[in-house]
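Here's the structure we're looking at; comments come further down.
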Amino acid sequence: MADAVSHPPCRACSAPLTESFVDLGMSPISNAMRRPDQADRPEKFYPLRAFVCSECRLVQLQDFCAADELFDDTYTYFSSYAESWLRHAKAYAGMMIERFALGANSRVIEVASNDGYLLQYFKERGIPVLGIDPAANVAAVAEKERGIPTRVCFFGVETAKALRSEGIRADVLAGNNVFAHVPDINDFAAGLKILLADNGVVTLEFPHLLRMIEANYFDTIYHEHYSYLSLLAVERLFKRHGLAVFDLEELETHGGSLRLFVGHAEKARGESDTLKTFRKRELDAGLASPQVYAAFADRVKRCKRELLKCLIGLKDQGKHVVAYGAPAKGNTLLNYCGIGRDIIDYAVDRSPHKQNMLLPGTGIAVHASERIFETKPDYVLILPWNLKTEIMASMAGISEWGGRFIVPLPEAEIL
């Protein structure tokens, strides 16, 4: 008699995960860059497969590596190197200060505060701030360069209780692009509940699952992203923890994101019409049923074939191709599609923390962006496609020698 198939439990509701969303094969940790002198050392590869919960509809990865291996003091992502992201953060701070009448007696706490990119805009308006981030090297930059007090730890019930025991609570508790990075989202949600002031507001920003499905943005799937979020799944989670969404904004960041406004359920605020409309939109799109999820994997395979066809065709013509950017999403794309040094000559990135390093899996060398103007490649593959407008403007000079850009998703396109 054959052994019964073992299914991992849903990280939100513990139901068995029986529905596959997409399988991207074996992949290294997307931010695990190496120095050139480590080039010959073996790398760890882990399965990169996403499931969808048939009960609560949370799309998620199966756990293969602990969070403290992913977000340690070698973490290479610093938010402040993207000008468009700084503008986004400043606009958010201004909006929150005005909408919720924040002042010197308020406190803004950000979970996954990174290098202080956001909290600096509240601080300069005289509002007390506190950052929480597990990466010590990134937190050090926030404190030394921007004067943002930062607790180096992961956020959850334990951290929230410790802060509350010190008399610290949040009038605004922000989490930008962190919710997807949390392995224990029940612990995270419970921590939000504990740390939030009685009339406080949680705001969470995350890439929207439906937009990822519609636009084939499969490269946003990587080991540091444990979950892929919809309003439907998040509301079901929050309901169990005494939290309630009362408003929502759609954002253009990361190819299409949501910003949720959340409060204590017992301090019920009226739901906005925007929220009610968006809730219906997700249901009309089929996020409560299995069909829309099942079709995604086939479209991902087609995207891979089309991108490879484009790049191989250019290489067969003797063209030189380089990559712009070294984002985590880019490493998923390169490793899943099998795009290595035989196709990409090198990559460039604005962040000095990534320069003179090797991309995980492919071993592609990363240089400063000036390298492009020294070698004059024929094509530049933009890996952080969500920043393509900013990148194309900053690199417009490649037109002087006939250089062109390639955007890989939602389908390969030469610009």
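In the structure tokens, chains take letters A, B, ... by order of appearance, with residues numbered from 1 within each chain and ligands from 1 in the order shown.
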Exercise. Find the residues near region 172-174 of chain A: any atom within 12 Å, counting only C-alpha atoms, skip ones fewer than 2 places away on the same chain, and give them as a PyMOL selection string.
Key: chain A and resi 89+92-93+96-97+99-103+105-113+118-119+122+127-132+155+160+168-170+176-179+189+191-206+259-263
Exercise. Among the residues of region 97-196 of chain A, find those DSSP assigns to strand (DSSP E or B) from the backbone and print them as an MDAnalysis selection string.
Key: chainID A and resid 108:111 129:133 150:152 170:176 196
Quiz prompt | Close residues, His223 (chain A) itself excluded, 8 Å, only C-alpha atoms, min 6 positions apart in chain, as a list in words | solution =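 Answer for this query is Ile29, Ser30, Leu48, Leu61 and Cys65 of chain A.
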Quiz item: Nearest to Tyr217 (chain A) among A:Arg302, A:Lys329, A:Lys376, A:His353, with distances taken over only C-alpha atoms: which residue is it?
Solution: A:Lys329
Exercise. Just give me the gap between CA of Gly325 (chain A) and CA of Pro384 (chain A) in Å, one decimal is fine.
Key: 6.1 Å
Quiz item: Which residues come within 7 Å of Val157 (chain A), counting only C-alpha atoms, excluding same-chain residues fewer than 2 positions away, as a list of chain:residue names?
Solution: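 My list of contacting residues is A:Thr159, A:Ala160, A:Lys161, A:Asp187, A:Phe188, A:Ala190, A:Gly191.
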Exercise. Select from region 2-243 of chain A everything DSSP, run on the backbone, classes as alpha helix (DSSP H), then give the selection as number ranges by chain.
Key: A: 67-70, 83-99, 119-123, 136-146, 157-165, 185-195, 209-215, 231-240
Self-check item: For Asp184 (chain A): contacts at 9 Å, only C-alpha atoms, fewer than 5 positions along chain excluded, given as a ChimeraX atom specification
Solution: /A:11-12,156,189
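As for CA of Tyr293 (chain A) and CA of Lys280 (chain A), they are spaced 17.6 Å apart.
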